[in-house]
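Raw work32.txt, compact mmCIF, C-alpha atoms (C1' of nucleotides):
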# COMPACT_ATOMS: atom_id res chain seq x y z
CA MET A 1 26.34 0.74 -103.27
CA LYS A 2 24.87 -2.58 -104.31
CA ILE A 3 21.49 -3.75 -103.20
CA THR A 4 22.07 -7.08 -101.50
CA THR A 5 20.46 -10.36 -102.43
CA ARG A 6 18.78 -10.27 -99.04
CA SER A 7 16.73 -7.29 -100.14
CA ARG A 8 16.21 -8.47 -103.68
CA TYR A 9 15.33 -12.08 -102.98
CA GLY A 10 13.35 -11.03 -99.95
CA THR A 11 11.28 -8.64 -102.01
CA ARG A 12 10.64 -11.28 -104.62
CA MET A 13 9.52 -13.65 -101.92
CA MET A 14 7.20 -11.05 -100.50
CA VAL A 15 5.71 -10.40 -103.93
CA GLU A 16 4.96 -14.10 -104.21
CA LEU A 17 3.30 -14.04 -100.80
CA ALA A 18 1.35 -11.00 -101.86
CA ALA A 19 0.14 -12.66 -105.03
CA HIS A 20 -1.05 -15.58 -102.92
CA TYR A 21 -2.48 -13.44 -100.14
CA ASP A 22 -6.12 -14.47 -100.37
CA GLN A 23 -5.36 -18.14 -100.95
CA GLY A 24 -4.05 -19.18 -97.58
CA PRO A 25 -0.47 -19.97 -96.57
CA LEU A 26 2.19 -20.36 -99.22
CA GLN A 27 5.16 -22.63 -98.71
CA ILE A 28 8.77 -21.66 -99.07
CA GLY A 29 9.23 -24.57 -101.44
CA GLU A 30 6.67 -23.07 -103.77
CA ILE A 31 8.31 -19.68 -103.69
CA SER A 32 11.67 -21.27 -104.27
CA ARG A 33 10.39 -23.08 -107.32
CA LYS A 34 8.62 -20.13 -108.84
CA GLN A 35 11.41 -17.66 -108.25
CA GLY A 36 14.35 -19.97 -108.67
CA LEU A 37 15.79 -19.16 -105.25
CA SER A 38 17.33 -21.43 -102.64
CA VAL A 39 14.92 -22.77 -100.04
CA LYS A 40 17.52 -22.52 -97.33
CA TYR A 41 18.29 -18.94 -98.09
CA LEU A 42 14.65 -17.92 -98.15
CA GLU A 43 14.13 -19.64 -94.82
CA GLN A 44 16.75 -17.34 -93.38
CA LEU A 45 15.25 -14.25 -94.88
CA ILE A 46 11.77 -14.92 -93.65
CA ILE A 47 12.79 -14.95 -90.02
CA PRO A 48 13.43 -11.22 -89.70
CA LEU A 49 10.29 -10.57 -91.75
CA LYS A 50 8.31 -12.56 -89.22
CA ARG A 51 9.94 -10.82 -86.31
CA ALA A 52 9.04 -7.51 -87.89
CA GLY A 53 5.43 -8.61 -87.99
CA LEU A 54 5.07 -8.61 -91.76
CA VAL A 55 4.57 -12.36 -92.08
CA ARG A 56 3.08 -15.09 -89.97
CA SER A 57 3.61 -18.81 -90.41
CA VAL A 58 1.74 -22.07 -90.06
CA ARG A 59 3.67 -25.23 -89.33
CA GLY A 60 3.12 -28.74 -90.51
CA PRO A 61 1.56 -30.12 -93.66
CA LYS A 62 -0.49 -27.59 -95.59
CA GLY A 63 1.42 -24.99 -93.65
CA GLY A 64 3.33 -22.08 -95.04
CA HIS A 65 3.56 -18.34 -94.72
CA ILE A 66 1.12 -15.53 -95.16
CA LEU A 67 1.27 -11.76 -94.98
CA THR A 68 -0.16 -10.24 -91.82
CA ARG A 69 -1.50 -7.27 -93.75
CA PRO A 70 -2.93 -6.88 -97.23
CA PRO A 71 -0.36 -6.21 -99.96
CA GLU A 72 -1.65 -2.66 -100.36
CA GLU A 73 -0.41 -1.89 -96.87
CA ILE A 74 3.13 -3.21 -97.20
CA THR A 75 5.72 -1.14 -98.99
CA VAL A 76 9.01 -2.28 -100.42
CA TRP A 77 10.65 -0.07 -97.84
CA ASP A 78 9.01 -2.09 -95.10
CA VAL A 79 10.65 -5.18 -96.53
CA VAL A 80 14.04 -3.75 -97.40
CA SER A 81 14.53 -1.89 -94.15
CA VAL A 82 13.93 -5.09 -92.23
CA LEU A 83 16.31 -7.13 -94.36
CA GLU A 84 19.08 -4.55 -94.43
CA GLY A 85 18.90 -4.05 -90.71
CA SER A 86 19.70 -0.73 -89.11
CA LYS A 87 23.09 -0.34 -90.69
CA GLY A 88 22.17 2.48 -93.03
CA VAL A 89 24.08 3.51 -96.12
CA THR A 90 26.92 4.56 -93.84
CA LEU A 91 27.62 3.78 -90.22
CA CYS A 92 27.52 7.41 -89.22
CA VAL A 93 24.09 8.11 -90.70
CA PRO A 94 22.07 6.09 -88.19
CA ASN A 95 24.69 6.41 -85.44
CA PRO A 96 26.11 9.93 -85.42
CA ASP A 97 27.75 9.23 -82.11
CA ILE A 98 30.38 6.90 -83.46
CA CYS A 99 32.10 9.94 -84.92
CA GLU A 100 32.68 12.94 -82.70
CA ARG A 101 32.32 15.29 -85.63
CA SER A 102 29.21 13.97 -87.27
CA HIS A 103 27.44 17.24 -86.59
CA ILE A 104 30.00 19.24 -88.53
CA CYS A 105 30.74 16.75 -91.31
CA PRO A 106 29.54 18.01 -94.69
CA THR A 107 29.79 14.68 -96.47
CA ARG A 108 27.71 12.96 -93.84
CA ASP A 109 24.85 15.22 -94.86
CA VAL A 110 25.22 13.96 -98.40
CA TRP A 111 24.85 10.34 -97.37
CA SER A 112 21.89 11.23 -95.21
CA LEU A 113 20.17 12.70 -98.24
CA VAL A 114 20.87 9.55 -100.22
CA SER A 115 19.42 7.49 -97.45
CA LYS A 116 16.32 9.66 -97.39
CA ALA A 117 15.90 9.46 -101.16
CA ILE A 118 16.03 5.68 -101.08
CA ARG A 119 13.56 5.52 -98.22
CA GLU A 120 11.12 7.84 -99.93
CA THR A 121 11.34 5.99 -103.21
CA LEU A 122 10.75 2.58 -101.73
CA SER A 123 8.00 3.82 -99.43
CA GLN A 124 5.90 4.73 -102.43
CA ILE A 125 5.83 1.23 -103.86
CA THR A 126 3.57 -1.40 -102.34
CA LEU A 127 3.61 -5.12 -102.84
CA ALA A 128 0.20 -4.74 -104.45
CA ASP A 129 1.76 -2.50 -107.11
CA LEU A 130 4.27 -5.18 -107.94
CA VAL A 131 1.70 -7.94 -108.06
CA LYS A 132 -0.40 -5.86 -110.36
CA LYS A 133 2.50 -5.20 -112.66
CA THR A 134 3.40 -8.87 -112.69
CA LYS A 135 -0.07 -9.85 -113.75
CA GLU A 136 -0.24 -7.25 -116.47
CA VAL A 137 3.00 -8.50 -117.90
CA GLU A 138 1.92 -12.12 -117.73
CA LYS A 139 -0.95 -11.36 -120.06
CA HIS A 140 1.58 -10.61 -122.77
CA PHE A 141 4.22 -13.17 -121.82
CA PRO A 142 2.32 -16.19 -120.56
CA GLU A 143 5.36 -17.83 -118.91
CA ALA A 144 5.89 -17.54 -115.20
CA GLY A 145 7.94 -15.20 -113.01
CA CYS A 146 11.47 -13.88 -113.27
CA PRO A 147 13.85 -16.78 -112.77
CA LEU A 148 17.10 -14.86 -112.82
CA GLU A 149 16.80 -11.16 -112.10
CA GLY A 150 20.37 -10.69 -113.15
CA GLU A 151 22.12 -13.13 -110.94
CA GLY A 152 19.73 -15.14 -108.83
CA GLN A 153 20.14 -18.78 -109.61
CA GLY A 154 17.66 -21.56 -109.75
CA ALA A 155 17.52 -23.89 -106.81
CA ASP A 156 17.53 -27.02 -108.93
CA GLU A 157 18.90 -25.61 -112.14
CA PRO A 158 22.25 -24.00 -111.53
CA VAL A 159 22.93 -21.22 -113.99
CA ASP A 160 26.06 -20.62 -115.95
CA SER A 161 28.30 -19.00 -113.40
CA SER A 162 29.37 -16.24 -115.73
CA LEU A 163 26.04 -14.70 -114.92
CA THR A 164 26.60 -14.74 -111.21
CA SER A 165 30.11 -13.40 -111.08
CA GLY A 166 29.87 -9.62 -111.38
CA MET B 167 23.26 -1.11 -99.70
CA LYS B 168 26.31 0.49 -98.17
CA ILE B 169 28.15 3.36 -99.76
CA THR B 170 31.71 2.18 -100.20
CA THR B 171 34.79 3.88 -98.85
CA ARG B 172 35.79 4.47 -102.44
CA SER B 173 32.91 6.89 -102.82
CA ARG B 174 33.17 8.37 -99.37
CA TYR B 175 36.91 8.85 -99.22
CA GLY B 176 36.93 9.91 -102.84
CA THR B 177 34.36 12.58 -102.18
CA ARG B 178 36.28 13.85 -99.18
CA MET B 179 39.40 14.03 -101.31
CA MET B 180 37.54 15.96 -103.98
CA VAL B 181 36.23 18.40 -101.41
CA GLU B 182 39.79 19.05 -100.30
CA LEU B 183 40.82 19.63 -103.89
CA ALA B 184 37.86 21.94 -104.30
CA ALA B 185 38.79 23.95 -101.25
CA HIS B 186 42.29 24.35 -102.67
CA TYR B 187 41.13 24.99 -106.23
CA ASP B 188 42.50 28.50 -106.71
CA GLN B 189 45.78 27.78 -104.92
CA GLY B 190 47.50 25.48 -107.40
CA PRO B 191 48.07 21.74 -107.13
CA LEU B 192 47.42 19.97 -103.87
CA GLN B 193 49.39 16.88 -102.89
CA ILE B 194 47.94 13.57 -101.87
CA GLY B 195 50.06 13.72 -98.75
CA GLU B 196 48.32 16.90 -97.70
CA ILE B 197 44.88 15.45 -98.29
CA SER B 198 45.85 12.34 -96.41
CA ARG B 199 46.95 14.38 -93.43
CA LYS B 200 43.93 16.65 -93.35
CA GLN B 201 41.39 13.89 -93.83
CA GLY B 202 43.15 11.10 -92.02
CA LEU B 203 43.07 8.76 -95.00
CA SER B 204 45.74 6.43 -96.36
CA VAL B 205 48.01 7.91 -99.03
CA LYS B 206 48.15 4.62 -100.88
CA TYR B 207 44.40 4.32 -101.01
CA LEU B 208 43.86 7.87 -102.20
CA GLU B 209 46.46 7.33 -104.91
CA GLN B 210 44.31 4.53 -106.25
CA LEU B 211 41.13 6.51 -106.08
CA ILE B 212 42.49 9.46 -107.95
CA ILE B 213 43.36 7.42 -111.03
CA PRO B 214 39.77 6.86 -112.20
CA LEU B 215 38.99 10.46 -111.33
CA LYS B 216 41.78 11.54 -113.63
CA ARG B 217 40.68 9.20 -116.38
CA ALA B 218 37.20 10.66 -116.10
CA GLY B 219 38.67 14.09 -116.65
CA LEU B 220 37.74 15.54 -113.28
CA VAL B 221 41.31 15.97 -112.07
CA ARG B 222 44.66 16.65 -113.64
CA SER B 223 48.01 16.08 -112.04
CA VAL B 224 51.46 17.61 -111.95
CA ARG B 225 54.43 15.40 -111.24
CA GLY B 226 57.59 16.10 -109.37
CA PRO B 227 58.34 18.38 -106.43
CA LYS B 228 55.72 21.04 -105.90
CA GLY B 229 53.43 18.80 -107.90
CA GLY B 230 50.02 17.58 -106.92
CA HIS B 231 46.49 17.44 -108.19
CA ILE B 232 43.97 20.00 -109.25
CA LEU B 233 40.39 19.96 -110.44
CA THR B 234 39.94 20.49 -114.17
CA ARG B 235 36.75 22.45 -113.58
CA PRO B 236 35.63 24.85 -110.88
CA PRO B 237 33.96 23.20 -107.87
CA GLU B 238 30.63 24.70 -108.85
CA GLU B 239 30.66 22.54 -111.95
CA ILE B 240 31.41 19.18 -110.34
CA THR B 241 28.64 17.31 -108.59
CA VAL B 242 28.96 14.54 -106.05
CA TRP B 243 27.32 12.30 -108.61
CA ASP B 244 30.18 12.99 -111.02
CA VAL B 245 32.56 11.73 -108.37
CA VAL B 246 30.55 8.81 -107.06
CA SER B 247 29.57 7.45 -110.45
CA VAL B 248 33.21 7.34 -111.47
CA LEU B 249 34.31 5.61 -108.28
CA GLU B 250 31.51 3.08 -108.21
CA GLY B 251 32.04 2.20 -111.84
CA SER B 252 29.21 1.08 -114.05
CA LYS B 253 28.02 -1.69 -111.78
CA GLY B 254 24.83 0.01 -110.72
CA VAL B 255 22.80 -0.89 -107.66
CA THR B 256 22.08 -4.24 -109.31
CA LEU B 257 23.71 -5.98 -112.22
CA CYS B 258 20.50 -6.04 -114.21
CA VAL B 259 19.86 -2.31 -113.97
CA PRO B 260 22.69 -1.18 -116.24
CA ASN B 261 22.83 -4.49 -118.15
CA PRO B 262 19.31 -5.73 -118.79
CA ASP B 263 20.69 -8.30 -121.18
CA ILE B 264 22.23 -10.49 -118.53
CA CYS B 265 18.73 -11.59 -117.64
CA GLU B 266 16.42 -12.67 -120.40
CA ARG B 267 13.40 -11.39 -118.53
CA SER B 268 14.57 -7.98 -117.45
CA HIS B 269 11.86 -6.37 -119.52
CA ILE B 270 9.12 -8.16 -117.64
CA CYS B 271 10.65 -8.16 -114.16
CA PRO B 272 8.68 -5.98 -111.74
CA THR B 273 11.35 -5.83 -109.07
CA ARG B 274 13.95 -4.67 -111.54
CA ASP B 275 11.86 -1.56 -112.02
CA VAL B 276 12.07 -0.92 -108.31
CA TRP B 277 15.85 -1.00 -108.30
CA SER B 278 15.93 1.23 -111.33
CA LEU B 279 13.92 3.79 -109.44
CA VAL B 280 16.30 3.59 -106.52
CA SER B 281 19.18 4.11 -108.86
CA LYS B 282 17.50 7.12 -110.36
CA ALA B 283 16.72 8.62 -106.96
CA ILE B 284 20.34 8.33 -105.89
CA ARG B 285 21.54 9.86 -109.12
CA GLU B 286 19.17 12.78 -108.88
CA THR B 287 20.03 13.45 -105.28
CA LEU B 288 23.77 13.46 -105.81
CA SER B 289 23.51 15.47 -109.01
CA GLN B 290 22.12 18.36 -107.07
CA ILE B 291 25.08 18.72 -104.77
CA THR B 292 28.27 20.33 -106.01
CA LEU B 293 31.71 20.29 -104.48
CA ALA B 294 31.32 24.03 -104.01
CA ASP B 295 28.30 23.41 -101.80
CA LEU B 296 30.34 21.14 -99.59
CA VAL B 297 33.26 23.52 -99.38
CA LYS B 298 30.92 26.30 -98.42
CA LYS B 299 29.34 24.21 -95.73
CA THR B 300 32.73 23.21 -94.39
CA LYS B 301 33.81 26.81 -94.08
CA GLU B 302 30.61 27.86 -92.36
CA VAL B 303 31.04 25.14 -89.83
CA GLU B 304 34.68 25.97 -89.22
CA LYS B 305 33.70 29.42 -88.08
CA HIS B 306 31.96 27.86 -85.13
CA PHE B 307 34.33 24.95 -84.55
CA PRO B 308 37.80 26.24 -85.34
CA GLU B 309 39.40 22.79 -85.56
CA ALA B 310 40.04 21.16 -88.91
CA GLY B 311 38.13 18.62 -91.03
CA CYS B 312 36.36 15.38 -90.25
CA PRO B 313 38.93 12.80 -89.24
CA LEU B 314 36.64 9.83 -88.87
CA GLU B 315 33.34 10.13 -90.70
CA GLY B 316 32.15 7.04 -88.94
CA GLU B 317 34.85 4.59 -89.77
CA GLY B 318 37.62 6.16 -91.76
CA GLN B 319 40.83 5.86 -89.86
CA GLY B 320 43.77 8.14 -89.52
CA ALA B 321 46.83 7.29 -91.57
CA ASP B 322 49.18 7.66 -88.62
CA GLU B 323 46.74 7.36 -85.77
CA PRO B 324 44.92 4.04 -85.97
CA VAL B 325 41.52 4.18 -84.36
CA ASP B 326 40.03 1.74 -81.92
CA SER B 327 38.94 -1.08 -84.18
CA SER B 328 35.54 -1.37 -82.56
CA LEU B 329 34.68 1.68 -84.60
CA THR B 330 35.71 0.14 -87.87
CA SER B 331 33.97 -3.19 -87.54
CA GLY B 332 30.37 -2.63 -88.48
C1' DA C 333 73.29 16.39 -114.39
C1' DA C 334 72.16 14.81 -109.75
C1' DA C 335 69.09 14.51 -106.08
C1' DG C 336 65.03 14.31 -104.20
C1' DT C 337 60.06 14.74 -104.45
C1' DT C 338 55.74 13.44 -106.19
C1' DG C 339 52.71 10.94 -109.08
C1' DT C 340 51.79 6.17 -111.63
C1' DC C 341 51.12 1.44 -111.98
C1' DT C 342 50.63 -3.43 -110.74
C1' DA C 343 50.40 -6.79 -107.58
C1' DA C 344 49.63 -8.94 -103.29
C1' DT C 345 47.44 -9.30 -98.96
C1' DC C 346 44.01 -9.10 -95.44
C1' DA C 347 39.55 -9.01 -93.38
C1' DA C 348 34.78 -8.80 -93.35
C1' DA C 349 30.53 -9.54 -95.17
C1' DA C 350 27.53 -11.77 -98.17
C1' DA C 351 25.70 -15.86 -99.92
C1' DA C 352 24.70 -20.45 -99.72
C1' DT C 353 24.44 -24.98 -97.55
C1' DA C 354 23.84 -28.59 -93.94
C1' DT C 355 21.81 -30.88 -89.99
C1' DA C 356 18.91 -31.57 -86.41
C1' DT C 357 14.61 -30.26 -84.12
C1' DT C 358 9.64 -28.91 -83.43
C1' DA C 359 4.87 -28.58 -84.63
C1' DT C 360 0.68 -30.30 -86.84
C1' DA C 361 -2.61 -32.08 -90.33
C1' DG C 362 -4.29 -36.35 -91.72
C1' DC D 363 1.84 -42.59 -86.10
C1' DT D 364 3.74 -40.50 -90.20
C1' DA D 365 4.78 -37.26 -93.44
C1' DT D 366 5.25 -32.49 -94.18
C1' DA D 367 6.80 -28.06 -93.49
C1' DA D 368 8.61 -24.58 -90.39
C1' DT D 369 12.46 -23.37 -86.92
C1' DA D 370 16.98 -22.98 -85.22
C1' DT D 371 21.78 -23.16 -85.32
C1' DA D 372 25.99 -23.82 -87.34
C1' DT D 373 29.20 -24.13 -90.94
C1' DT D 374 31.08 -23.40 -95.24
C1' DT D 375 32.09 -21.06 -99.32
C1' DT D 376 32.66 -17.16 -102.03
C1' DT D 377 33.10 -12.55 -103.01
C1' DT D 378 34.60 -8.11 -102.71
C1' DG D 379 35.89 -4.32 -100.21
C1' DA D 380 39.78 -2.38 -98.13
C1' DT D 381 44.51 -1.85 -97.42
C1' DT D 382 49.36 -2.23 -98.08
C1' DA D 383 53.75 -2.79 -100.75
C1' DG D 384 57.21 -1.84 -104.02
C1' DA D 385 59.11 -0.71 -108.35
C1' DC D 386 58.90 2.80 -111.82
C1' DA D 387 58.37 7.35 -114.25
C1' DA D 388 58.23 12.30 -114.49
C1' DC D 389 59.49 16.53 -113.01
C1' DT D 390 61.69 20.70 -110.24
C1' DT D 391 65.27 22.55 -108.10
C1' DT D 392 69.87 23.37 -107.31
For the file at hand, write its structure as structure tokens.
Amino acid sequence: MKITTRSRYGTRMMVELAAHYDQGPLQIGEISRKQGLSVKYLEQLIIPLKRAGLVRSVRGPKGGHILTRPPEEITVWDVVSVLEGSKGVTLCVPNPDICERSHICPTRDVWSLVSKAIRETLSQITLADLVKKTKEVEKHFPEAGCPLEGEGQGADEPVDSSLTSG
Amino acid sequence: MKITTRSRYGTRMMVELAAHYDQGPLQIGEISRKQGLSVKYLEQLIIPLKRAGLVRSVRGPKGGHILTRPPEEITVWDVVSVLEGSKGVTLCVPNPDICERSHICPTRDVWSLVSKAIRETLSQITLADLVKKTKEVEKHFPEAGCPLEGEGQGADEPVDSSLTSG
DNA sequence: AAAGTTGTCTAATCAAAAAATATATTATAG
DNA sequence: CTATAATATATTTTTTGATTAGACAACTTT
């Protein structure tokens, strides 16, 4: 029941792209620096986001990545559902057929409701909301982004591993 | 973002205990047989449930386990929160202190909302609800419980492993 | 009191998935 | 051309979820 780093880092990356939306392509290296996340890992995460049509990329110098739609039109659910894949909170929720009794299983209904609650929650939050909140906060705390988020570690500045263990 | 077998199997066990509530202690062996779950695993899961005061146990022959409260008064959230521990959907949600910037992190708020949505959903479902649903369904399909639930495997009858992989 | 049943506890093992890293290749602006 | 940045693939490392094992403790029944 843990939200994976794929979803969390991916969302942070998308928020960076959103904040940069009207300023042309943004490079992974930039995102990495600002968010303290590994370049290599972000490169992996952006592939499914591209395939899903949320991001497009420009190669070569001055290249980078840019959202295909304005941040107001991309929800966190759009991002998370792509990065989590179609696995669902339980195998039997998206694929009832793998269990012959899915249609009579009372606990399966419970997990379906959880799945629905998550989807509905995340569908109500857009990248624009998060950018806005970031900027409001930066007025009061003039330093940049969120370098850790609990356990993310800096690309160049490894963090004390006691933070990353749990 | 997967619900662990701890929560799923644990909930199924608690539903069995709920169904047996007014008939004295129920043995793990029985639950294992009816639900097709490993005795050894269930034994582990029941310990935190006891510590949390949801279950009490009777040793020796004719012993077993019994809910400390009627099924109407135990929600799925009671069960799941015990079995998942206090880890939360993200480390920084229950322990803001592990990240110096939790209070200004916009994505942390998102995961907090997810956490809240899950909690509220599961708090509205009681074990009695699930027992009731089980019995309704059994009227139409006179065979017993849900042996698989997607990937749970029978204690004595191992399932084709292609089911258990994802 | 003996025997046998059931729960309790700790440890060890296994497997899968998540997370992170490495290398080589392709496109393109300048 | 050359430097930059994306793309693709592969590999490694780490974590943790899941499962199994065995010794021990409590209790009921006879």
Please return the superposed copy of chain A as a compact mmCIF listing (two decimals) with C-alpha atoms, in the coordinates of the input; the fit should be least squares onto chain B across all sequentially paired Cα atoms.
# COMPACT_ATOMS: atom_id res chain seq x y z
CA MET A 1 23.22 -1.10 -99.72
CA LYS A 2 26.30 0.47 -98.20
CA ILE A 3 28.12 3.33 -99.78
CA THR A 4 31.69 2.14 -100.23
CA THR A 5 34.77 3.82 -98.86
CA ARG A 6 35.79 4.45 -102.45
CA SER A 7 32.90 6.85 -102.84
CA ARG A 8 33.15 8.32 -99.39
CA TYR A 9 36.89 8.81 -99.22
CA GLY A 10 36.94 9.87 -102.84
CA THR A 11 34.35 12.54 -102.19
CA ARG A 12 36.26 13.81 -99.20
CA MET A 13 39.38 14.00 -101.29
CA MET A 14 37.56 15.91 -103.97
CA VAL A 15 36.20 18.36 -101.40
CA GLU A 16 39.76 19.00 -100.28
CA LEU A 17 40.81 19.60 -103.87
CA ALA A 18 37.86 21.90 -104.30
CA ALA A 19 38.75 23.91 -101.23
CA HIS A 20 42.25 24.31 -102.64
CA TYR A 21 41.11 24.96 -106.19
CA ASP A 22 42.48 28.47 -106.66
CA GLN A 23 45.74 27.76 -104.86
CA GLY A 24 47.47 25.48 -107.31
CA PRO A 25 48.06 21.74 -107.05
CA LEU A 26 47.41 19.95 -103.79
CA GLN A 27 49.35 16.87 -102.81
CA ILE A 28 47.89 13.56 -101.80
CA GLY A 29 49.99 13.69 -98.65
CA GLU A 30 48.25 16.87 -97.63
CA ILE A 31 44.83 15.42 -98.24
CA SER A 32 45.79 12.31 -96.35
CA ARG A 33 46.86 14.35 -93.37
CA LYS A 34 43.85 16.60 -93.30
CA GLN A 35 41.31 13.87 -93.81
CA GLY A 36 43.05 11.08 -91.97
CA LEU A 37 43.01 8.75 -94.96
CA SER A 38 45.68 6.42 -96.30
CA VAL A 39 47.95 7.92 -98.94
CA LYS A 40 48.11 4.65 -100.81
CA TYR A 41 44.39 4.28 -100.94
CA LEU A 42 43.85 7.82 -102.15
CA GLU A 43 46.44 7.28 -104.86
CA GLN A 44 44.30 4.45 -106.15
CA LEU A 45 41.13 6.45 -106.06
CA ILE A 46 42.52 9.39 -107.93
CA ILE A 47 43.39 7.36 -110.98
CA PRO A 48 39.83 6.81 -112.19
CA LEU A 49 39.05 10.43 -111.33
CA LYS A 50 41.86 11.51 -113.61
CA ARG A 51 40.77 9.18 -116.35
CA ALA A 52 37.30 10.63 -116.09
CA GLY A 53 38.76 14.07 -116.65
CA LEU A 54 37.80 15.50 -113.28
CA VAL A 55 41.37 15.92 -112.03
CA ARG A 56 44.72 16.62 -113.58
CA SER A 57 48.09 16.09 -111.96
CA VAL A 58 51.53 17.65 -111.84
CA ARG A 59 54.51 15.46 -111.08
CA GLY A 60 57.62 16.19 -109.12
CA PRO A 61 58.30 18.54 -106.25
CA LYS A 62 55.61 21.16 -105.75
CA GLY A 63 53.41 18.88 -107.78
CA GLY A 64 50.03 17.57 -106.83
CA HIS A 65 46.51 17.41 -108.15
CA ILE A 66 44.00 19.99 -109.21
CA LEU A 67 40.42 19.94 -110.42
CA THR A 68 39.98 20.46 -114.15
CA ARG A 69 36.79 22.42 -113.59
CA PRO A 70 35.67 24.81 -110.89
CA PRO A 71 33.99 23.18 -107.89
CA GLU A 72 30.64 24.67 -108.89
CA GLU A 73 30.69 22.50 -111.99
CA ILE A 74 31.43 19.16 -110.36
CA THR A 75 28.66 17.29 -108.62
CA VAL A 76 28.97 14.51 -106.10
CA TRP A 77 27.34 12.29 -108.67
CA ASP A 78 30.20 12.97 -111.04
CA VAL A 79 32.58 11.70 -108.40
CA VAL A 80 30.57 8.77 -107.11
CA SER A 81 29.59 7.43 -110.50
CA VAL A 82 33.24 7.31 -111.50
CA LEU A 83 34.33 5.58 -108.32
CA GLU A 84 31.51 3.05 -108.26
CA GLY A 85 32.04 2.16 -111.87
CA SER A 86 29.19 1.07 -114.09
CA LYS A 87 27.99 -1.70 -111.84
CA GLY A 88 24.78 -0.02 -110.75
CA VAL A 89 22.74 -0.91 -107.70
CA THR A 90 22.00 -4.24 -109.34
CA LEU A 91 23.62 -6.00 -112.26
CA CYS A 92 20.43 -6.04 -114.25
CA VAL A 93 19.78 -2.30 -114.01
CA PRO A 94 22.63 -1.18 -116.27
CA ASN A 95 22.73 -4.48 -118.20
CA PRO A 96 19.20 -5.70 -118.85
CA ASP A 97 20.55 -8.25 -121.26
CA ILE A 98 22.10 -10.47 -118.64
CA CYS A 99 18.60 -11.57 -117.72
CA GLU A 100 16.25 -12.64 -120.47
CA ARG A 101 13.26 -11.35 -118.55
CA SER A 102 14.47 -7.96 -117.49
CA HIS A 103 11.74 -6.33 -119.54
CA ILE A 104 9.00 -8.13 -117.65
CA CYS A 105 10.55 -8.13 -114.18
CA PRO A 106 8.59 -5.95 -111.75
CA THR A 107 11.27 -5.81 -109.09
CA ARG A 108 13.87 -4.66 -111.56
CA ASP A 109 11.79 -1.53 -112.04
CA VAL A 110 12.01 -0.91 -108.33
CA TRP A 111 15.79 -1.00 -108.32
CA SER A 112 15.87 1.24 -111.36
CA LEU A 113 13.87 3.82 -109.46
CA VAL A 114 16.27 3.60 -106.54
CA SER A 115 19.15 4.10 -108.88
CA LYS A 116 17.47 7.13 -110.39
CA ALA A 117 16.71 8.62 -106.97
CA ILE A 118 20.33 8.32 -105.92
CA ARG A 119 21.54 9.84 -109.16
CA GLU A 120 19.17 12.77 -108.91
CA THR A 121 20.04 13.43 -105.30
CA LEU A 122 23.76 13.43 -105.84
CA SER A 123 23.52 15.44 -109.04
CA GLN A 124 22.11 18.36 -107.11
CA ILE A 125 25.09 18.69 -104.80
CA THR A 126 28.28 20.31 -106.04
CA LEU A 127 31.70 20.26 -104.49
CA ALA A 128 31.32 24.01 -104.03
CA ASP A 129 28.28 23.38 -101.82
CA LEU A 130 30.32 21.11 -99.61
CA VAL A 131 33.24 23.49 -99.39
CA LYS A 132 30.90 26.25 -98.44
CA LYS A 133 29.30 24.17 -95.74
CA THR A 134 32.69 23.17 -94.41
CA LYS A 135 33.77 26.76 -94.08
CA GLU A 136 30.58 27.82 -92.38
CA VAL A 137 31.00 25.08 -89.83
CA GLU A 138 34.64 25.92 -89.23
CA LYS A 139 33.65 29.37 -88.08
CA HIS A 140 31.90 27.77 -85.13
CA PHE A 141 34.28 24.86 -84.55
CA PRO A 142 37.73 26.19 -85.35
CA GLU A 143 39.37 22.74 -85.58
CA ALA A 144 40.02 21.17 -88.93
CA GLY A 145 38.11 18.67 -91.07
CA CYS A 146 36.35 15.42 -90.27
CA PRO A 147 38.97 12.88 -89.26
CA LEU A 148 36.72 9.87 -88.90
CA GLU A 149 33.41 10.10 -90.71
CA GLY A 150 32.25 7.01 -88.93
CA GLU A 151 34.96 4.59 -89.79
CA GLY A 152 37.73 6.18 -91.78
CA GLN A 153 40.96 5.87 -89.90
CA GLY A 154 43.88 8.17 -89.63
CA ALA A 155 46.90 7.35 -91.70
CA ASP A 156 49.33 7.83 -88.84
CA GLU A 157 46.97 7.51 -85.93
CA PRO A 158 45.18 4.20 -86.07
CA VAL A 159 41.79 4.37 -84.43
CA ASP A 160 40.31 1.98 -81.96
CA SER A 161 39.17 -0.84 -84.18
CA SER A 162 35.78 -1.07 -82.55
CA LEU A 163 34.93 1.94 -84.63
CA THR A 164 35.88 0.32 -87.88
CA SER A 165 34.21 -3.02 -87.45
CA GLY A 166 30.54 -2.55 -88.33
Review point. CA of Val82 in chain A and CA of Tyr41 in chain A are how many Å apart?
Key: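 Computing the Euclidean distance for CA of Val82 in chain A and CA of Tyr41 in chain A yields 15.7 Å.
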Can you list every residue of chain B that has an atom at most 7 Å from chain D, with its nearest atom pair and the distance in Å to one decimal, using all atoms listed in the file, ordered by chain then number, as a Markdown table?
| residue | atom | partner | partner_atom | distance |
| --- | --- | --- | --- | --- |
| B:Arg225 | CA | D:DC389 | C1' | 5.5 |
| B:Gly226 | CA | D:DC389 | C1' | 4.1 |
| B:Pro227 | CA | D:DT390 | C1' | 5.6 |
Take the residues that were just selected and, keeping C-alpha atoms, output them as a short mmCIF file (atom, residue, chain, number, x, y, z; two decimals), in the frame of the given file.
data_model
loop_
_atom_site.label_atom_id
_atom_site.label_comp_id
_atom_site.auth_asym_id
_atom_site.auth_seq_id
_atom_site.Cartn_x
_atom_site.Cartn_y
_atom_site.Cartn_z
CA ARG B 225 54.43 15.40 -111.24
CA GLY B 226 57.59 16.10 -109.37
CA PRO B 227 58.34 18.38 -106.43
#
